[in-house]
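Colleague: What follows is target.pdb, made up of PDB, C-alpha atoms:
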```
ATOM      1  CA  MET P   1       0.000   0.000   0.000  1.00  0.00           C
ATOM      2  CA  LYS P   2       2.856   2.371   0.826  1.00  0.00           C
ATOM      3  CA  SER P   3       4.395   1.569  -2.537  1.00  0.00           C
ATOM      4  CA  PHE P   4       1.118   2.415  -4.306  1.00  0.00           C
ATOM      5  CA  ASN P   5       0.918   5.811  -2.501  1.00  0.00           C
ATOM      6  CA  LYS P   6       4.510   6.601  -3.476  1.00  0.00           C
ATOM      7  CA  ILE P   7       3.844   5.739  -7.107  1.00  0.00           C
ATOM      8  CA  THR P   8       0.652   7.812  -7.084  1.00  0.00           C
ATOM      9  CA  SER P   9       2.521  10.748  -5.540  1.00  0.00           C
ATOM     10  CA  VAL P  10       5.346  10.492  -8.070  1.00  0.00           C
ATOM     11  CA  VAL P  11       2.860  10.367 -10.957  1.00  0.00           C
ATOM     12  CA  ALA P  12       0.939  13.354  -9.561  1.00  0.00           C
ATOM     13  CA  VAL P  13       4.117  15.396  -9.106  1.00  0.00           C
ATOM     14  CA  THR P  14       5.294  14.471 -12.611  1.00  0.00           C
ATOM     15  CA  VAL P  15       1.970  15.549 -14.124  1.00  0.00           C
ATOM     16  CA  MET P  16       2.147  18.868 -12.251  1.00  0.00           C
ATOM     17  CA  VAL P  17       5.719  19.487 -13.403  1.00  0.00           C
ATOM     18  CA  VAL P  18       4.817  18.731 -17.006  1.00  0.00           C
ATOM     19  CA  LEU P  19       1.802  21.045 -16.810  1.00  0.00           C
ATOM     20  CA  ALA P  20       3.799  23.768 -15.066  1.00  0.00           C
ATOM     21  CA  THR P  21       6.601  23.710 -17.622  1.00  0.00           C
ATOM     22  CA  GLY P  22       4.074  23.875 -20.428  1.00  0.00           C
ATOM     23  CA  CYS P  23       3.743  20.978 -22.750  1.00  0.00           C
ATOM     24  CA  ASN P  24       4.284  22.097 -26.276  1.00  0.00           C
ATOM     25  CA  ARG P  25       1.170  21.857 -28.364  1.00  0.00           C
ATOM     26  CA  LYS P  26       1.410  20.242 -31.747  1.00  0.00           C
ATOM     27  CA  GLY P  27       2.607  22.697 -34.344  1.00  0.00           C
ATOM     28  CA  THR P  28       4.147  25.161 -31.869  1.00  0.00           C
ATOM     29  CA  ASN P  29       7.671  25.363 -30.585  1.00  0.00           C
ATOM     30  CA  THR P  30       7.052  28.017 -27.948  1.00  0.00           C
ATOM     31  CA  THR P  31       8.224  27.156 -24.452  1.00  0.00           C
ATOM     32  CA  THR P  32       6.550  28.389 -21.300  1.00  0.00           C
ATOM     33  CA  GLY P  33       9.428  30.772 -20.696  1.00  0.00           C
ATOM     34  CA  GLU P  34       9.005  32.251 -24.151  1.00  0.00           C
ATOM     35  CA  LYS P  35       5.280  32.586 -23.562  1.00  0.00           C
ATOM     36  CA  VAL P  36       5.945  34.430 -20.297  1.00  0.00           C
ATOM     37  CA  ASP P  37       8.493  36.672 -22.045  1.00  0.00           C
ATOM     38  CA  ASN P  38       6.009  37.402 -24.844  1.00  0.00           C
ATOM     39  CA  THR P  39       3.322  38.247 -22.296  1.00  0.00           C
ATOM     40  CA  ILE P  40       5.685  40.629 -20.488  1.00  0.00           C
ATOM     41  CA  VAL P  41       6.619  42.342 -23.766  1.00  0.00           C
ATOM     42  CA  ALA P  42       2.941  42.648 -24.728  1.00  0.00           C
ATOM     43  CA  SER P  43       2.028  44.149 -21.359  1.00  0.00           C
ATOM     44  CA  LYS P  44       4.947  46.610 -21.576  1.00  0.00           C
ATOM     45  CA  ASP P  45       3.760  47.636 -25.057  1.00  0.00           C
ATOM     46  CA  ALA P  46       0.197  48.082 -23.804  1.00  0.00           C
ATOM     47  CA  SER P  47       1.453  50.086 -20.835  1.00  0.00           C
ATOM     48  CA  ARG P  48       3.598  52.301 -23.085  1.00  0.00           C
ATOM     49  CA  ASP P  49       0.649  52.855 -25.454  1.00  0.00           C
ATOM     50  CA  ALA P  50      -1.606  53.791 -22.547  1.00  0.00           C
ATOM     51  CA  GLY P  51       1.064  56.161 -21.219  1.00  0.00           C
ATOM     52  CA  ASN P  52       1.418  57.802 -24.634  1.00  0.00           C
ATOM     53  CA  HIS P  53      -2.349  58.229 -24.865  1.00  0.00           C
ATOM     54  CA  VAL P  54      -2.480  59.890 -21.439  1.00  0.00           C
ATOM     55  CA  GLU P  55       0.460  62.153 -22.334  1.00  0.00           C
ATOM     56  CA  ASN P  56      -1.138  63.185 -25.644  1.00  0.00           C
ATOM     57  CA  THR P  57      -4.460  63.882 -23.971  1.00  0.00           C
ATOM     58  CA  THR P  58      -2.728  65.892 -21.251  1.00  0.00           C
ATOM     59  CA  ASN P  59      -0.774  67.883 -23.856  1.00  0.00           C
ATOM     60  CA  LYS P  60      -3.982  68.670 -25.759  1.00  0.00           C
ATOM     61  CA  ALA P  61      -5.701  69.780 -22.555  1.00  0.00           C
ATOM     62  CA  GLY P  62      -2.675  71.880 -21.632  1.00  0.00           C
ATOM     63  CA  GLN P  63      -2.663  73.522 -25.081  1.00  0.00           C
ATOM     64  CA  ALA P  64      -6.384  74.304 -24.792  1.00  0.00           C
ATOM     65  CA  ILE P  65      -5.787  75.931 -21.398  1.00  0.00           C
ATOM     66  CA  ASP P  66      -2.823  77.908 -22.787  1.00  0.00           C
ATOM     67  CA  ASP P  67      -4.909  79.060 -25.757  1.00  0.00           C
ATOM     68  CA  ALA P  68      -7.751  80.134 -23.465  1.00  0.00           C
ATOM     69  CA  ALA P  69      -5.308  82.078 -21.278  1.00  0.00           C
ATOM     70  CA  ILE P  70      -3.827  83.820 -24.336  1.00  0.00           C
ATOM     71  CA  THR P  71      -7.312  84.748 -25.581  1.00  0.00           C
ATOM     72  CA  ALA P  72      -8.344  86.079 -22.166  1.00  0.00           C
ATOM     73  CA  SER P  73      -5.130  88.074 -21.821  1.00  0.00           C
ATOM     74  CA  ILE P  74      -5.522  89.712 -25.229  1.00  0.00           C
ATOM     75  CA  LYS P  75      -9.215  90.473 -24.650  1.00  0.00           C
ATOM     76  CA  SER P  76      -8.441  92.141 -21.314  1.00  0.00           C
ATOM     77  CA  LYS P  77      -5.648  94.217 -22.913  1.00  0.00           C
ATOM     78  CA  LEU P  78      -7.952  95.300 -25.745  1.00  0.00           C
ATOM     79  CA  ILE P  79     -10.668  96.326 -23.289  1.00  0.00           C
ATOM     80  CA  ALA P  80      -8.145  98.252 -21.170  1.00  0.00           C
ATOM     81  CA  ASP P  81      -6.762 100.128 -24.183  1.00  0.00           C
ATOM     82  CA  ASP P  82      -8.338 103.592 -24.564  1.00  0.00           C
ATOM     83  CA  GLU P  83      -8.270 103.402 -28.365  1.00  0.00           C
ATOM     84  CA  LEU P  84      -9.828  99.941 -28.599  1.00  0.00           C
ATOM     85  CA  LYS P  85     -12.094  99.482 -25.576  1.00  0.00           C
ATOM     86  CA  ALA P  86     -15.262 100.436 -27.438  1.00  0.00           C
ATOM     87  CA  ILE P  87     -14.542  98.093 -30.359  1.00  0.00           C
ATOM     88  CA  ASP P  88     -15.964  94.585 -30.449  1.00  0.00           C
ATOM     89  CA  ILE P  89     -12.968  92.481 -31.492  1.00  0.00           C
ATOM     90  CA  ASN P  90     -13.295  88.720 -31.578  1.00  0.00           C
ATOM     91  CA  VAL P  91     -10.134  86.880 -30.449  1.00  0.00           C
ATOM     92  CA  ASP P  92      -9.594  83.197 -31.232  1.00  0.00           C
ATOM     93  CA  THR P  93      -6.432  81.280 -30.361  1.00  0.00           C
ATOM     94  CA  SER P  94      -5.345  77.880 -31.619  1.00  0.00           C
ATOM     95  CA  LYS P  95      -1.926  76.461 -30.774  1.00  0.00           C
ATOM     96  CA  GLY P  96      -0.612  79.938 -30.049  1.00  0.00           C
ATOM     97  CA  VAL P  97      -1.885  81.455 -33.310  1.00  0.00           C
ATOM     98  CA  VAL P  98      -4.259  84.341 -32.648  1.00  0.00           C
ATOM     99  CA  THR P  99      -6.954  85.368 -35.111  1.00  0.00           C
ATOM    100  CA  LEU P 100      -8.564  88.773 -34.715  1.00  0.00           C
ATOM    101  CA  THR P 101     -11.915  89.415 -36.408  1.00  0.00           C
ATOM    102  CA  GLY P 102     -14.431  92.219 -36.321  1.00  0.00           C
ATOM    103  CA  ALA P 103     -14.649  95.826 -37.447  1.00  0.00           C
ATOM    104  CA  ALA P 104     -12.390  98.669 -36.358  1.00  0.00           C
ATOM    105  CA  PRO P 105     -13.023 102.380 -36.964  1.00  0.00           C
ATOM    106  CA  ASN P 106      -9.710 102.934 -38.787  1.00  0.00           C
ATOM    107  CA  ALA P 107      -6.379 101.397 -39.885  1.00  0.00           C
ATOM    108  CA  LYS P 108      -4.670 102.761 -36.764  1.00  0.00           C
ATOM    109  CA  ALA P 109      -7.012 100.693 -34.547  1.00  0.00           C
ATOM    110  CA  VAL P 110      -6.364  97.578 -36.666  1.00  0.00           C
ATOM    111  CA  ALA P 111      -2.596  98.018 -36.272  1.00  0.00           C
ATOM    112  CA  ARG P 112      -2.927  98.716 -32.542  1.00  0.00           C
ATOM    113  CA  ALA P 113      -4.898  95.473 -31.995  1.00  0.00           C
ATOM    114  CA  THR P 114      -2.202  93.521 -33.864  1.00  0.00           C
ATOM    115  CA  THR P 115       0.544  95.106 -31.756  1.00  0.00           C
ATOM    116  CA  ILE P 116      -1.248  94.208 -28.525  1.00  0.00           C
ATOM    117  CA  ALA P 117      -1.836  90.627 -29.626  1.00  0.00           C
ATOM    118  CA  ARG P 118       1.776  90.107 -30.779  1.00  0.00           C
ATOM    119  CA  ALA P 119       3.114  91.412 -27.444  1.00  0.00           C
ATOM    120  CA  THR P 120       1.192  88.798 -25.454  1.00  0.00           C
ATOM    121  CA  ASN P 121       3.112  85.863 -23.974  1.00  0.00           C
ATOM    122  CA  GLY P 122       2.543  82.556 -25.764  1.00  0.00           C
ATOM    123  CA  VAL P 123       1.516  84.106 -29.097  1.00  0.00           C
ATOM    124  CA  SER P 124       3.407  82.599 -32.021  1.00  0.00           C
ATOM    125  CA  ASP P 125       1.569  84.438 -34.806  1.00  0.00           C
ATOM    126  CA  VAL P 126      -1.302  86.886 -35.328  1.00  0.00           C
ATOM    127  CA  LYS P 127      -3.778  86.706 -38.193  1.00  0.00           C
ATOM    128  CA  ASN P 128      -5.519  90.034 -38.303  1.00  0.00           C
ATOM    129  CA  ASN P 129      -8.822  89.775 -40.145  1.00  0.00           C
ATOM    130  CA  LEU P 130     -10.155  93.071 -38.755  1.00  0.00           C
ATOM    131  CA  THR P 131     -11.782  95.380 -41.241  1.00  0.00           C
ATOM    132  CA  SER P 132     -11.617  99.146 -40.947  1.00  0.00           C
ATOM    133  CA  ASN P 133     -14.531 101.411 -41.767  1.00  0.00           C
TER     134      ASN P 133
END
```
Could you take the file, read its structure, and then write that structure out as structure tokens?

Modeller:
Amino acid sequence: MKSFNKITSVVAVTVMVVLATGCNRKGTNTTTGEKVDNTIVASKDASRDAGNHVENTTNKAGQAIDDAAITASIKSKLIADDELKAIDINVDTSKGVVTLTGAAPNAKAVARATTIARATNGVSDVKNNLTSN
């Protein structure tokens, strides 16, 4: 009886070892170690992709906040300027490029609005689409 229990134990341990080391399926030559390595590489790739997505989303959100701050800064400067405060000038900012639209009373006001916009931190370019009466 003791001999039978030993044989049963040896068979059970052998089966567990074979299962743990990963029997190769027919048609594949991938070992368990290679499968583990492949899984680690795949999870690193997925993690990197997720990190890139978060970084891109964060950058886009940061750019939108920067653009909104530029727009607000220019609008407040236009309102504070004695020559321009009565003029309704639309200010749009995208990736640091400011677009001014609306009507100004004269060419001097158009130039003044451009000067104010260009002097604002974060502005990379100004597209002045203001018309003068």

Colleague: Can you give me, as a PyMOL selection string, the residues this file yields under the PyMOL selection byres ((chain P and resi 96-99) around 6)?

Modeller: chain P and resi 91-95+100+122-128

Colleague: When the PyMOL selection byres ((chain P and resi 70) around 8) is applied to the structure above, which residues does it catch, written out as a VMD selection string?

Modeller: chain P and resid 66 to 69 71 to 74 93 96 120 to 123

Colleague: Considering all atoms listed in the file, state which residue in the set P:Gly33, P:Asn133, P:Asn38, P:Lys85 is at the smallest distance from Arg112 (chain P).

Modeller: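 Of all the options, P:Lys85 lies closest to Arg112 (chain P).
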
Colleague: Take CA of Leu130 (chain P) and CA of Thr114 (chain P) and report the distance between them in Å, one decimal.

Modeller: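 That distance, rounded to one decimal, is 9.3 Å.
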
Colleague: By how many Å are CA of Thr101 (chain P) and CA of Ile89 (chain P) apart?

Modeller: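 One can read the CA of Thr101 (chain P) to CA of Ile89 (chain P) distance as 5.9 Å.
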
Colleague: Could the centre and edge lengths of an axis-aligned box, enclosing all atoms of region 83-100 of chain P in the file with 5 Å extra on each side, be given in Å to one decimal as JSON?

Modeller:
```
{"center_x": -8.3, "center_y": 89.9, "center_z": -30.3, "size_x": 25.4, "size_y": 36.9, "size_z": 19.5}
```
